[in-house]
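Below is one structure, written out as structure tokens; comments come after it.
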Amino acid sequence: MDTMLAGRFHLDSKKFAVEEVPIPVPGPGEVLIEVKAAGVCLSDVHLLDGSLVPLFATSDTVTVGHEVSGVIHTLGPGLKRGLPVGTRVTLEAGKTCGTCAGCVRHRPCTRMLTAGIDYDGGWAEYVVAREDTLIPIPDSLPFDQAAIIPDAVSTPYAAVVATAGVRAAQSVGVWGVGGVGAHNVRLARLVGAAPIIAVDPLPGARERALAFGADLALDPAAPDFADQVRAATGGRGLDFAFDCAGVPAVRDQAASVLGLGGSLILVGITPRPLTITEGLTFNYLQKQVRGHYGGFPESVSELVRLTAAGRLDLAPSITDHIPLVEAADAVHRLEHKIGDPIRLVLVP
């Protein structure tokens, strides 16, 4: 039987290794994708360190990776879309479980399965994908850039345009300017937010945020932090504060500098409780907290069109290319912020 290399995480032993496994065979409604690029996300790190537990795992071992691009290699039976072998595609980061009657895919689903967590993802030479999760990409869009769209870019995109609904001239703060937060800054700029304030303890991340379109980059530990936010917003406070770090202290600080009717958008994920220590003024100023998770199916298609039209250049987001066999090293680099990466990309 033909075999391939795949980055496999064993849920029982919590061990990760690049192993030789059989090449999967596509079933009805599925295709086999030859992987060309796969992003390394902080969610992958959290899976491997045990802080992210699969809710709907389909087996005891899973191939990691939910940011994937490649070409259609083999067609399964019963396909409806007519995409031929050789079509360049990126894959949506998740899929519905398919068991809910009358399931509507563009609405939030409590049984949404995530690639590389609940079922096999793309840290491999080949991956099986359901045909309705495939997004064709133009020849002008490099595989590495296409791979990161389904999460690193679509998650903040959906947070900005859908969950928050940011309009031109509204003020935005972004806490944590890593792989997701850096794109949150760029997308807020794309929709016309002003001012955009990036918040990160790392000087390098703050410099990157300014290069990506932030008007101001602040250290959250600065003693005059709140004063600087008020000054930048003309004393009004923020319309939207995006927590891209998933840290309780970040959420508390972000909520404290919201203005009248301002919203805290929870983009970063954490199993730790949400705590808002602010008292009466939270009510008086009618502040809100909104949860957010991932992107929406239409987000990926829209972002592919935006990049193809030249509205969004993702080349600066690719920090490095790493061979698939060195996936563990890529995880180590991201976990410890070695080189302050935006996105590391695995190449089979």
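A note on labels: chains of the structure tokens are A, B, ... as shown, every chain counts residues from 1, and ligands are counted from 1 in their shown order.
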
message: Please extract the residues of stretch 180-347 of chain A with a backbone DSSP assignment of strand (DSSP E) and present them as an MDAnalysis selection string.
response: chainID A and resid 196:199 216:218 238:243 258:266 288:291 318:323 343:347

I need the residues from that last selection saved to file as a CSV table (one decimal), in the first residue's frame (with N, CA, C and O atoms), if you can.
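For reference, part-v4.csv as written:
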chain,number,residue,atom,x,y,z
A,196,ILE,N,-6.7,52.9,14.6
A,196,ILE,CA,-6.4,51.5,14.9
A,196,ILE,C,-5.3,51.5,15.9
A,196,ILE,O,-4.2,52.0,15.6
A,197,ILE,N,-5.5,51.0,17.1
A,197,ILE,CA,-4.5,50.9,18.2
A,197,ILE,C,-4.1,49.5,18.4
A,197,ILE,O,-5.0,48.7,18.8
A,198,ALA,N,-2.9,49.1,18.2
A,198,ALA,CA,-2.4,47.8,18.5
A,198,ALA,C,-1.7,47.8,19.9
A,198,ALA,O,-1.1,48.7,20.3
A,199,VAL,N,-1.9,46.7,20.6
A,199,VAL,CA,-1.5,46.5,21.9
A,199,VAL,C,-0.7,45.2,22.0
A,199,VAL,O,-1.3,44.1,21.8
A,216,LEU,N,-1.3,53.5,16.0
A,216,LEU,CA,-0.6,53.6,17.2
A,216,LEU,C,-0.4,52.2,17.8
A,216,LEU,O,-1.2,51.4,17.6
A,217,ALA,N,0.8,52.0,18.4
A,217,ALA,CA,1.1,50.7,19.0
A,217,ALA,C,1.6,50.9,20.4
A,217,ALA,O,2.6,51.7,20.6
A,218,LEU,N,0.9,50.3,21.3
A,218,LEU,CA,1.1,50.6,22.8
A,218,LEU,C,1.6,49.3,23.5
A,218,LEU,O,1.2,48.2,23.2
A,238,LEU,N,-12.7,53.4,22.9
A,238,LEU,CA,-12.8,52.5,21.7
A,238,LEU,C,-14.2,52.1,21.4
A,238,LEU,O,-15.0,51.8,22.3
A,239,ASP,N,-14.5,52.0,20.1
A,239,ASP,CA,-15.7,51.4,19.6
A,239,ASP,C,-15.7,49.9,19.7
A,239,ASP,O,-16.6,49.2,20.1
A,240,PHE,N,-14.5,49.3,19.4
A,240,PHE,CA,-14.3,47.9,19.4
A,240,PHE,C,-12.9,47.6,19.9
A,240,PHE,O,-11.9,48.2,19.6
A,241,ALA,N,-12.9,46.6,20.8
A,241,ALA,CA,-11.6,46.0,21.3
A,241,ALA,C,-11.6,44.6,21.0
A,241,ALA,O,-12.4,43.8,21.4
A,242,PHE,N,-10.6,44.1,20.2
A,242,PHE,CA,-10.4,42.7,19.8
A,242,PHE,C,-9.4,42.1,20.6
A,242,PHE,O,-8.2,42.5,20.6
A,243,ASP,N,-9.8,41.1,21.4
A,243,ASP,CA,-8.8,40.3,22.2
A,243,ASP,C,-8.4,39.1,21.3
A,243,ASP,O,-9.1,38.1,21.1
A,258,LEU,N,-13.1,50.8,26.6
A,258,LEU,CA,-14.2,50.9,25.6
A,258,LEU,C,-15.0,52.2,25.9
A,258,LEU,O,-15.2,52.6,27.1
A,259,GLY,N,-15.5,52.8,24.9
A,259,GLY,CA,-16.4,54.0,25.0
A,259,GLY,C,-17.8,53.6,25.1
A,259,GLY,O,-18.2,52.4,25.2
A,260,LEU,N,-18.7,54.6,24.9
A,260,LEU,CA,-20.1,54.4,25.0
A,260,LEU,C,-20.6,53.4,23.9
A,260,LEU,O,-20.3,53.6,22.7
A,261,GLY,N,-21.2,52.3,24.4
A,261,GLY,CA,-21.7,51.3,23.4
A,261,GLY,C,-20.6,50.5,22.8
A,261,GLY,O,-20.9,49.7,21.9
A,262,GLY,N,-19.4,50.5,23.4
A,262,GLY,CA,-18.3,49.8,22.8
A,262,GLY,C,-18.4,48.3,23.1
A,262,GLY,O,-19.1,47.9,24.0
A,263,SER,N,-17.8,47.5,22.2
A,263,SER,CA,-17.9,46.0,22.3
A,263,SER,C,-16.5,45.4,22.4
A,263,SER,O,-15.6,45.8,21.7
A,264,LEU,N,-16.4,44.5,23.3
A,264,LEU,CA,-15.2,43.6,23.4
A,264,LEU,C,-15.5,42.3,22.6
A,264,LEU,O,-16.4,41.6,22.9
A,265,ILE,N,-14.6,42.1,21.6
A,265,ILE,CA,-14.8,40.9,20.7
A,265,ILE,C,-13.7,39.9,21.1
A,265,ILE,O,-12.5,40.1,21.0
A,266,LEU,N,-14.2,38.7,21.5
A,266,LEU,CA,-13.3,37.6,22.0
A,266,LEU,C,-12.9,36.8,20.8
A,266,LEU,O,-13.6,35.8,20.5
A,288,GLN,N,-20.5,46.0,25.7
A,288,GLN,CA,-21.0,44.6,25.4
A,288,GLN,C,-19.7,43.7,25.3
A,288,GLN,O,-18.6,44.2,25.1
A,289,VAL,N,-20.0,42.4,25.4
A,289,VAL,CA,-19.0,41.4,25.2
A,289,VAL,C,-19.6,40.4,24.2
A,289,VAL,O,-20.7,39.9,24.3
A,290,ARG,N,-18.8,40.2,23.1
A,290,ARG,CA,-19.3,39.3,22.0
A,290,ARG,C,-18.3,38.1,21.8
A,290,ARG,O,-17.1,38.4,21.6
A,291,GLY,N,-18.8,36.9,21.8
A,291,GLY,CA,-17.9,35.8,21.5
A,291,GLY,C,-17.7,35.6,20.0
A,291,GLY,O,-18.6,36.0,19.3
A,318,ILE,N,4.1,35.6,5.7
A,318,ILE,CA,4.8,34.3,5.7
A,318,ILE,C,6.2,34.5,6.3
A,318,ILE,O,7.0,35.1,5.6
A,319,THR,N,6.4,34.0,7.5
A,319,THR,CA,7.6,34.2,8.2
A,319,THR,C,8.7,33.3,7.7
A,319,THR,O,9.9,33.6,7.5
A,320,ASP,N,8.3,32.0,7.4
A,320,ASP,CA,9.3,31.0,7.0
A,320,ASP,C,8.6,29.8,6.5
A,320,ASP,O,7.5,29.5,6.8
A,321,HIS,N,9.4,29.0,5.7
A,321,HIS,CA,8.9,27.7,5.1
A,321,HIS,C,9.7,26.6,5.8
A,321,HIS,O,11.0,26.7,5.8
A,322,ILE,N,9.1,25.6,6.3
A,322,ILE,CA,9.7,24.5,7.1
A,322,ILE,C,9.3,23.2,6.5
A,322,ILE,O,8.1,23.0,6.3
A,323,PRO,N,10.3,22.3,6.3
A,323,PRO,CA,9.9,20.9,5.8
A,323,PRO,C,8.9,20.2,6.8
A,323,PRO,O,9.0,20.4,8.0
A,343,ARG,N,3.3,33.7,10.5
A,343,ARG,CA,2.9,32.4,10.1
A,343,ARG,C,4.1,31.6,9.6
A,343,ARG,O,4.8,32.0,8.7
A,344,LEU,N,4.3,30.4,10.2
A,344,LEU,CA,5.3,29.5,9.7
A,344,LEU,C,4.5,28.5,8.8
A,344,LEU,O,3.3,28.1,9.2
A,345,VAL,N,5.0,28.1,7.7
A,345,VAL,CA,4.3,27.2,6.8
A,345,VAL,C,5.1,26.0,6.5
A,345,VAL,O,6.3,26.0,6.2
A,346,LEU,N,4.4,24.8,6.7
A,346,LEU,CA,5.0,23.5,6.5
A,346,LEU,C,4.9,23.2,5.0
A,346,LEU,O,3.9,23.4,4.4
A,347,VAL,N,6.0,22.6,4.5
A,347,VAL,CA,6.0,22.2,3.0
A,347,VAL,C,6.3,20.7,2.9
A,347,VAL,O,7.4,20.3,3.4

Near A:Asp252, within 8 Å and counting only C-alpha atoms, which residues show up once chain neighbours fewer than 4 positions away are dropped, as a PDB file with N, CA, C and O atoms, in the first residue's frame?
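Saved file around-v7.pdb follows:
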ATOM      1  N   PRO A 248      -7.013  36.456  30.114  1.00  0.00           N
ATOM      2  CA  PRO A 248      -7.965  37.164  30.975  1.00  0.00           C
ATOM      3  C   PRO A 248      -7.576  38.603  31.284  1.00  0.00           C
ATOM      4  O   PRO A 248      -8.429  39.501  31.256  1.00  0.00           O
ATOM      5  N   SER A 256     -11.950  47.966  29.824  1.00  0.00           N
ATOM      6  CA  SER A 256     -11.873  49.205  30.604  1.00  0.00           C
ATOM      7  C   SER A 256     -11.709  50.443  29.739  1.00  0.00           C
ATOM      8  O   SER A 256     -11.996  51.559  30.198  1.00  0.00           O
ATOM      9  N   THR A 275     -13.526  37.237  33.012  1.00  0.00           N
ATOM     10  CA  THR A 275     -13.781  38.079  34.178  1.00  0.00           C
ATOM     11  C   THR A 275     -13.696  39.539  33.779  1.00  0.00           C
ATOM     12  O   THR A 275     -12.707  39.977  33.191  1.00  0.00           O
ATOM     13  N   ILE A 276     -14.748  40.288  34.083  1.00  0.00           N
ATOM     14  CA  ILE A 276     -14.756  41.731  33.879  1.00  0.00           C
ATOM     15  C   ILE A 276     -14.872  42.377  35.253  1.00  0.00           C
ATOM     16  O   ILE A 276     -15.871  42.205  35.953  1.00  0.00           O
ATOM     17  N   THR A 277     -13.828  43.071  35.652  1.00  0.00           N
ATOM     18  CA  THR A 277     -13.818  43.638  37.008  1.00  0.00           C
ATOM     19  C   THR A 277     -14.464  45.013  37.076  1.00  0.00           C
ATOM     20  O   THR A 277     -14.760  45.501  38.168  1.00  0.00           O
ATOM     21  N   GLU A 278     -14.681  45.629  35.906  1.00  0.00           N
ATOM     22  CA  GLU A 278     -15.309  46.941  35.895  1.00  0.00           C
ATOM     23  C   GLU A 278     -16.719  46.853  36.472  1.00  0.00           C
ATOM     24  O   GLU A 278     -17.448  45.879  36.232  1.00  0.00           O
TER      25      GLU A 278
END

field: Pick from A:Val166, A:Ala328, A:Ala254, A:Ile149 nearest to A:Val64, counting only C-alpha atoms
entry: A:Ala328

- request: List the neighbours of A:Ala162 out to 12 Å using only C-alpha atoms; skip same-chain residues closer than 4 positions along the sequence, and give me the result as a list in words.
  value: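 In the requested format, the answer is His106, Arg107, Ser154, Thr155, Pro156, Tyr157, Ala158, Val166, Arg167, Ala188, Val191, Ile265, Arg290, Gly291, His292, Tyr293, Gly294, Gly295, Phe296, Glu298 and Ser299 of chain A.
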
- request: Show which residues sit within 10 Å of A:Thr270, as number ranges by chain. Count only C-alpha atoms, and ignore same-chain residues fewer than 2 positions away.
  value: A: 46, 51-52, 245-248, 266-268, 272-274

message: Residues within 10 Å of A:Ala214, please, as number ranges by chain. Count only C-alpha atoms; anything in the same chain fewer than 2 positions from it doesn't count.
response: A: 172-174, 182, 184-186, 188-189, 193-199, 206-212, 216-217

N, CA and C atoms of the current selection, written as a tab-separated table (two decimals), in the first residue's frame:
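Written output follows (again_17.tsv):
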chain	number	residue	atom	x	y	z
A	172	VAL	N	-10.72	51.19	16.75
A	172	VAL	CA	-10.49	49.76	17.00
A	172	VAL	C	-9.19	49.59	17.78
A	173	GLY	N	-9.22	48.71	18.78
A	173	GLY	CA	-8.01	48.28	19.47
A	173	GLY	C	-7.81	46.80	19.25
A	174	VAL	N	-6.58	46.38	19.04
A	174	VAL	CA	-6.27	44.97	18.82
A	174	VAL	C	-5.21	44.55	19.82
A	182	ALA	N	-2.19	40.34	13.84
A	182	ALA	CA	-1.59	41.13	12.78
A	182	ALA	C	-2.56	41.30	11.62
A	184	ASN	N	-5.82	41.04	11.97
A	184	ASN	CA	-6.93	41.84	12.50
A	184	ASN	C	-6.66	43.33	12.24
A	185	VAL	N	-5.41	43.74	12.44
A	185	VAL	CA	-5.02	45.13	12.17
A	185	VAL	C	-5.21	45.45	10.68
A	186	ARG	N	-4.71	44.58	9.82
A	186	ARG	CA	-4.78	44.84	8.38
A	186	ARG	C	-6.22	44.91	7.89
A	188	ALA	N	-8.94	45.59	9.72
A	188	ALA	CA	-9.58	46.79	10.25
A	188	ALA	C	-9.22	47.99	9.39
A	189	ARG	N	-7.98	48.04	8.95
A	189	ARG	CA	-7.55	49.10	8.05
A	189	ARG	C	-8.29	49.01	6.71
A	193	ALA	N	-11.40	51.49	9.49
A	193	ALA	CA	-11.39	51.84	10.91
A	193	ALA	C	-10.34	52.92	11.19
A	194	ALA	N	-10.66	53.82	12.13
A	194	ALA	CA	-9.72	54.87	12.50
A	194	ALA	C	-10.13	55.48	13.85
A	195	PRO	N	-9.16	55.61	14.76
A	195	PRO	CA	-7.80	55.07	14.67
A	195	PRO	C	-7.77	53.58	15.00
A	196	ILE	N	-6.67	52.94	14.60
A	196	ILE	CA	-6.42	51.54	14.94
A	196	ILE	C	-5.26	51.51	15.93
A	197	ILE	N	-5.52	50.98	17.11
A	197	ILE	CA	-4.50	50.93	18.17
A	197	ILE	C	-4.12	49.48	18.42
A	198	ALA	N	-2.85	49.14	18.20
A	198	ALA	CA	-2.35	47.80	18.46
A	198	ALA	C	-1.73	47.76	19.85
A	199	VAL	N	-1.95	46.66	20.55
A	199	VAL	CA	-1.45	46.53	21.92
A	199	VAL	C	-0.71	45.21	22.05
A	206	ARG	N	4.91	45.29	18.06
A	206	ARG	CA	4.35	46.65	17.91
A	206	ARG	C	4.86	47.31	16.63
A	207	GLU	N	6.14	47.09	16.33
A	207	GLU	CA	6.68	47.64	15.08
A	207	GLU	C	5.99	47.03	13.88
A	208	ARG	N	5.74	45.73	13.92
A	208	ARG	CA	5.05	45.05	12.83
A	208	ARG	C	3.63	45.58	12.68
A	209	ALA	N	2.97	45.84	13.80
A	209	ALA	CA	1.60	46.35	13.74
A	209	ALA	C	1.55	47.70	13.02
A	210	LEU	N	2.52	48.54	13.27
A	210	LEU	CA	2.57	49.83	12.58
A	210	LEU	C	2.79	49.62	11.09
A	211	ALA	N	3.64	48.67	10.73
A	211	ALA	CA	3.87	48.38	9.31
A	211	ALA	C	2.63	47.80	8.66
A	212	PHE	N	1.78	47.12	9.44
A	212	PHE	CA	0.57	46.50	8.91
A	212	PHE	C	-0.62	47.45	8.91
A	216	LEU	N	-1.29	53.52	15.96
A	216	LEU	CA	-0.60	53.64	17.23
A	216	LEU	C	-0.36	52.25	17.76
A	217	ALA	N	0.81	52.00	18.36
A	217	ALA	CA	1.12	50.71	18.96
A	217	ALA	C	1.59	50.93	20.39

task: Within stretch 18-74 of chain A, find each residue whose DSSP state, derived from the backbone, is alpha helix (DSSP H), and express the selection as a VMD selection string.
output: chain A and resid 42 to 49

Can I get the selected residues back with C-alpha atoms, as a compact mmCIF listing (two decimals), in the first residue's frame?
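What ended up in again06.txt:
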# COMPACT_ATOMS: atom_id res chain seq x y z
CA LEU A 42 -1.34 28.68 17.86
CA SER A 43 -4.39 26.40 18.04
CA ASP A 44 -2.11 23.59 16.87
CA VAL A 45 0.28 24.42 19.71
CA HIS A 46 -2.61 24.39 22.19
CA LEU A 47 -3.75 21.01 20.88
CA LEU A 48 -0.30 19.51 21.36
CA ASP A 49 0.21 21.01 24.83

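Shortest separation to A:Lys80 among A:Val160, A:Val31, A:Leu11, A:Ala330 occurs at residue A:Val31, atoms counted being only C-alpha atoms.
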
- request: Can you work out which one of A:Leu5, A:Ala129, A:Ala146, A:Ile137 has the shortest atom-to-atom distance to A:Pro26, counting only C-alpha atoms?
  value: A:Ala129

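Considering the residues A:Leu91, A:Val71, A:Ile269, A:Ala124 and counting only C-alpha atoms, A:Pro22 has its shortest atom-to-atom contact with A:Ala124.
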
- prompt: With only C-alpha atoms as the atoms that count, which of A:Gly178, A:Arg236, A:Val300, A:Ala17 lies nearest to A:Gly339?
  reply: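 For A:Gly339, the nearest of the given residues is A:Gly178.
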
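Residue nearest A:Val53, chosen from A:Pro84, A:Pro271, A:Pro142, A:Pro136 and counting only C-alpha atoms: A:Pro271.
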
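Excluding A:Asp2 itself and same-chain residues fewer than 6 positions from it, the residues having an atom within 12 Å of it are Glu20, Val21, Pro22, Ile23, Pro24, Val25, Glu125 and Tyr126 of chain A, counting only C-alpha atoms.
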
Got time to write the residues from that selection, N, CA and C atoms, as a PDB file, in the first residue's frame?
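That gives us again_36.pdb:
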ATOM      1  N   GLU A  20       4.931   7.600   9.130  1.00  0.00           N
ATOM      2  CA  GLU A  20       4.553   7.079   7.822  1.00  0.00           C
ATOM      3  C   GLU A  20       3.223   6.348   7.968  1.00  0.00           C
ATOM      4  N   VAL A  21       2.236   6.790   7.200  1.00  0.00           N
ATOM      5  CA  VAL A  21       0.893   6.214   7.290  1.00  0.00           C
ATOM      6  C   VAL A  21       0.364   5.958   5.880  1.00  0.00           C
ATOM      7  N   PRO A  22      -0.679   5.147   5.744  1.00  0.00           N
ATOM      8  CA  PRO A  22      -1.246   4.918   4.407  1.00  0.00           C
ATOM      9  C   PRO A  22      -1.843   6.195   3.826  1.00  0.00           C
ATOM     10  N   ILE A  23      -1.722   6.378   2.530  1.00  0.00           N
ATOM     11  CA  ILE A  23      -2.383   7.492   1.850  1.00  0.00           C
ATOM     12  C   ILE A  23      -3.887   7.242   1.902  1.00  0.00           C
ATOM     13  N   PRO A  24      -4.676   8.205   2.391  1.00  0.00           N
ATOM     14  CA  PRO A  24      -6.121   7.967   2.515  1.00  0.00           C
ATOM     15  C   PRO A  24      -6.797   7.888   1.151  1.00  0.00           C
ATOM     16  N   VAL A  25      -7.936   7.232   1.136  1.00  0.00           N
ATOM     17  CA  VAL A  25      -8.721   7.058  -0.091  1.00  0.00           C
ATOM     18  C   VAL A  25     -10.009   7.864   0.038  1.00  0.00           C
ATOM     19  N   GLU A 125       1.375  14.752   3.403  1.00  0.00           N
ATOM     20  CA  GLU A 125       1.604  14.867   1.967  1.00  0.00           C
ATOM     21  C   GLU A 125       0.300  14.854   1.186  1.00  0.00           C
ATOM     22  N   TYR A 126      -0.719  14.198   1.757  1.00  0.00           N
ATOM     23  CA  TYR A 126      -2.036  14.148   1.138  1.00  0.00           C
ATOM     24  C   TYR A 126      -3.102  14.251   2.232  1.00  0.00           C
TER      25      TYR A 126
END
